[in-house]
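Colleague: Let me give you the structure first, and then I'll get to my questions.
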Amino acid sequence: MSVTSILKKPQEVKPKKSGFREWLDSVLFAVIAATLIRWLFFSAFVIPTPSMENSLLVGDYLFVSRLHYGTTTPVTPLQVPLTHQTIWGTSIPSYLDWIQLPQYRLPGFSDVKRGDVVVFNLPVEHPNAYNKYGSVLPDLHPHPLDLRSNYIKRCVAVAGDKLEVRAGQVFVNGVEQKNPPRMQSEYFVSTTTSVNEQNVFHKNGITDFAQFTETFNDTIAANDESGYIIKTTSALVDRIKGFDFVKRIEPVLTSKGLKDPYLFPASDALYWNKDNYGPINVPKEGVTITLTAANIALYGEVIQNYEGNDNIEMKDGKILQDGKVLTSYTFRQDYYFMMGDNRHNSADSRYWGFVPKDHIVGKAVFVWMSLDPDPVSFLNKIRWDRIFRIIE
């Protein structure tokens, strides 16, 4: 009997990865994982301006949930990962707009509701709008939809609502709305003497103040009164009312009928200001309106810039498409009206208009770190009382 030997093919031995290759693979994995988490689940943001004080402070670091309203697919795919508009630390654009894809929104937990603190892409960085709003928002530049600057404000009215601001108080559908618990307004504090600003204001959490002069508003004080203009919460106002050098405190409000020239919409027929604004109807998907000279001022930019319409132009107070005058229009998506909690120091929807649904990024959930940009000492740099604070 013969025995036949079966020769096995020798196994190939894979060369061991070099240290550099292992490092490169780790970095690549980390970038892909971070990009997916940032796109699908949570994004981190930092507050750069005081427009949301006293709810959110300059130097607050936030986590923003993209899951709540549903994340959106990229419009501009040719982009350096983990960047927004520019490459880190430079002014070099981080994207190419050679390819623009249609946007889709994945299912979310909820719709945007009144009272939500929302991060969104600034609509007026649209190529047709950015030049018009330079006096309100300096240094605007045009960007694709998904790469417009991230703003954070509070939603005060949703699609289909009728909004009005009366003497600084928001009304929606005729009903007075509850103010955010840490909303900040402007007040005149009449004092009997000059005060130690560090002891009185800073120690009581008031950082935005100035000595009163007639350039503020010569109607809020008598001829012999002196004092301060402060921006703070109603709770802090109640605290300093009891100080013996305080004569009185009253809100600083612009009178009804006085026109603010920088408000939205730019119309000579409207005498609105930041404290007395509207009424205004927020556009809602599927709602049809008759186009008149009055509402074209409100909705013309929406129809031209944010609805995906082609060949739209505004001419002589009319809206034309392909040269034909439109007499009615049905909105294609929902819109929102956003305001900052620092009501007298916020460039918001009162100044540049509605936020389209396709510009919504996510819901601000909580503060995970807070650094004071101007601390009394290095030991006070971290605001320990704000860490892991839920955003109300």
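In the structure tokens, the first chain shown is A, the next is B, and so on; residue numbers restart at 1 for each chain, and ligands run from 1 in the order shown.
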Could you please write out, as a list in words, every residue of stretch 257-322 of chain A that DSSP assigns to alpha helix (DSSP H)?
Modeller: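 Restricting stretch 257-322 of chain A to alpha helix (DSSP H) produces Ala293, Ala294, Asn295, Ile296, Ala297, Leu298, Tyr299, Gly300 and Glu301 of chain A.
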Colleague: Filtering to C-alpha atoms, could you give me those residues as an mmCIF file, in the first residue's frame?
Modeller:
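The resulting file, result_15.cif, is shown below:
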```
data_model
loop_
_atom_site.group_PDB
_atom_site.id
_atom_site.type_symbol
_atom_site.label_atom_id
_atom_site.label_comp_id
_atom_site.auth_asym_id
_atom_site.auth_seq_id
_atom_site.Cartn_x
_atom_site.Cartn_y
_atom_site.Cartn_z
ATOM 1 C CA ALA A 293 -47.190 95.002 -0.521
ATOM 2 C CA ALA A 294 -47.327 94.710 3.280
ATOM 3 C CA ASN A 295 -46.473 91.019 3.644
ATOM 4 C CA ILE A 296 -43.969 90.934 0.790
ATOM 5 C CA ALA A 297 -41.735 93.002 3.099
ATOM 6 C CA LEU A 298 -42.047 90.180 5.666
ATOM 7 C CA TYR A 299 -41.907 87.098 3.457
ATOM 8 C CA GLY A 300 -40.132 88.205 0.285
ATOM 9 C CA GLU A 301 -36.687 87.067 1.462
#
```
Colleague: In stretch 147-308 of chain A, what's strand (DSSP E) per DSSP? Answer as number ranges by chain?
Modeller: A: 150-157, 162-166, 169-172, 175-176, 184-191, 208-211, 226-233, 246-251, 277-281, 288-290
Colleague: Find the spatial neighbours of A:Val118, counting only C-alpha atoms, within a cut-off of 8 Å - ignore same-chain residues fewer than 3 positions away - and output them as a list of chain:residue names.
Modeller: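 With the cut-off at 8 Å, the set is A:Ile152, A:Lys153, A:Arg154, A:Cys155, A:Ile360, A:Val361, A:Gly362, A:Lys363, A:Ala364.
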Colleague: Okay, now the selection with N, CA and C atoms, as an mmCIF file, in the first residue's frame?
Modeller:
```cif
data_model
loop_
_atom_site.group_PDB
_atom_site.id
_atom_site.type_symbol
_atom_site.label_atom_id
_atom_site.label_comp_id
_atom_site.auth_asym_id
_atom_site.auth_seq_id
_atom_site.Cartn_x
_atom_site.Cartn_y
_atom_site.Cartn_z
ATOM 1 N N ILE A 152 -26.935 80.691 18.718
ATOM 2 C CA ILE A 152 -27.767 80.068 19.744
ATOM 3 C C ILE A 152 -28.721 81.116 20.308
ATOM 4 N N LYS A 153 -30.010 80.810 20.282
ATOM 5 C CA LYS A 153 -31.048 81.698 20.805
ATOM 6 C C LYS A 153 -32.157 80.825 21.383
ATOM 7 N N ARG A 154 -33.152 81.486 21.963
ATOM 8 C CA ARG A 154 -34.325 80.779 22.477
ATOM 9 C C ARG A 154 -35.472 80.922 21.476
ATOM 10 N N CYS A 155 -36.131 79.818 21.174
ATOM 11 C CA CYS A 155 -37.285 79.859 20.292
ATOM 12 C C CYS A 155 -38.463 80.451 21.062
ATOM 13 N N ILE A 360 -31.878 74.424 11.299
ATOM 14 C CA ILE A 360 -31.807 74.003 12.697
ATOM 15 C C ILE A 360 -30.730 72.933 12.869
ATOM 16 N N VAL A 361 -29.838 73.136 13.855
ATOM 17 C CA VAL A 361 -28.747 72.199 14.139
ATOM 18 C C VAL A 361 -29.108 71.262 15.291
ATOM 19 N N GLY A 362 -29.538 71.799 16.433
ATOM 20 C CA GLY A 362 -29.847 70.930 17.562
ATOM 21 C C GLY A 362 -30.293 71.716 18.786
ATOM 22 N N LYS A 363 -30.585 70.976 19.841
ATOM 23 C CA LYS A 363 -31.059 71.556 21.091
ATOM 24 C C LYS A 363 -29.925 71.606 22.108
ATOM 25 N N ALA A 364 -29.708 72.775 22.712
ATOM 26 C CA ALA A 364 -28.696 72.915 23.765
ATOM 27 C C ALA A 364 -29.189 72.198 25.016
#
```
Colleague: If we count only C-alpha atoms and set the cut-off at 12 Å, which residues sit around A:Gln79, ignoring sequence neighbours fewer than 4 positions away in its own chain? Please answer as a ChimeraX atom specification.
Modeller: /A:35,74-75,83-87,92-100,144,146-147
Colleague: May I have the residues within 12 Å of A:Asp208 as a PyMOL selection string, using only C-alpha atoms and disregarding those fewer than 3 positions away in the same chain?
Modeller: chain A and resi 50-51+53-54+57+184-187+197-198+201-202+204-205+211+228-233+342+344-345
Colleague: Once you have the residues from the selection above, write them out as an mmCIF file, in the first residue's frame, restricted to C-alpha atoms.
Modeller:
```
data_model
loop_
_atom_site.group_PDB
_atom_site.id
_atom_site.type_symbol
_atom_site.label_atom_id
_atom_site.label_comp_id
_atom_site.auth_asym_id
_atom_site.auth_seq_id
_atom_site.Cartn_x
_atom_site.Cartn_y
_atom_site.Cartn_z
ATOM 1 C CA PRO A 50 -23.401 87.829 25.933
ATOM 2 C CA SER A 51 -26.622 87.604 23.873
ATOM 3 C CA GLU A 53 -27.036 86.094 29.410
ATOM 4 C CA ASN A 54 -27.922 85.421 32.144
ATOM 5 C CA LEU A 57 -22.549 83.138 29.932
ATOM 6 C CA GLN A 184 -31.757 89.646 31.405
ATOM 7 C CA SER A 185 -33.174 93.127 30.771
ATOM 8 C CA GLU A 186 -31.955 96.722 31.013
ATOM 9 C CA TYR A 187 -32.660 98.861 34.094
ATOM 10 C CA GLU A 197 -18.741 99.002 41.453
ATOM 11 C CA GLN A 198 -16.645 95.972 42.380
ATOM 12 C CA PHE A 201 -22.202 94.994 40.945
ATOM 13 C CA HIS A 202 -19.551 92.337 40.420
ATOM 14 C CA ASN A 204 -23.882 90.445 42.910
ATOM 15 C CA GLY A 205 -23.314 88.905 39.480
ATOM 16 C CA GLN A 211 -22.734 105.169 34.749
ATOM 17 C CA TYR A 228 -26.319 103.446 36.488
ATOM 18 C CA ILE A 229 -27.671 101.585 33.498
ATOM 19 C CA ILE A 230 -27.396 97.857 34.186
ATOM 20 C CA LYS A 231 -28.356 94.686 32.344
ATOM 21 C CA THR A 232 -29.407 91.945 34.740
ATOM 22 C CA THR A 233 -32.165 89.577 35.862
ATOM 23 C CA ASN A 342 -30.335 89.180 26.988
ATOM 24 C CA HIS A 344 -31.479 94.418 25.036
ATOM 25 C CA ASN A 345 -28.196 93.030 23.736
#
```
Colleague: Compare A:Ser18, A:Ser234, A:Ser110, A:Gln103 by their minimum atom-to-atom distance to A:Arg66, counting only C-alpha atoms, and give me the closest one.
Modeller: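 The closest residue to A:Arg66 is A:Ser110.
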Colleague: Which neighbours of A:Val64 fall inside 8 Å, counting only C-alpha atoms, when residues of the same chain fewer than 5 positions from it are skipped, and could you give them as a list in words?
Modeller: Phe42, Ser43, Ala44, Phe45, Val119, Gly362, Lys363, Ala364, Val365 and Phe366 of chain A
Colleague: So how far away is atom CA of A:Ile312 from atom CA of A:Leu270, in Å?
Modeller: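 One can read the atom CA of A:Leu270 to atom CA of A:Ile312 distance as 24.7 Å.
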Colleague: Using only C-alpha atoms, which residues sit within 12 Å of A:Met338 once same-chain residues fewer than 4 positions away are excluded, as a ChimeraX atom specification?
Modeller: /A:51-52,112-120,122-123,151-159,163,170,282,343,346-356,360
Colleague: Please determine, counting only C-alpha atoms, which residue among A:Thr73, A:Lys324, A:Asp238, A:Met183 has the shortest atom-to-atom distance to A:Leu101.
Modeller: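 Looking only at the distances to A:Leu101, the closest residue turns out to be A:Thr73.
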Colleague: With distances taken over only C-alpha atoms, which residue among A:Gly134, A:Pro107, A:Gly70, A:Pro283 lies nearest A:Tyr336?
Modeller: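 The shortest atom-to-atom distance to A:Tyr336 comes from A:Pro283.
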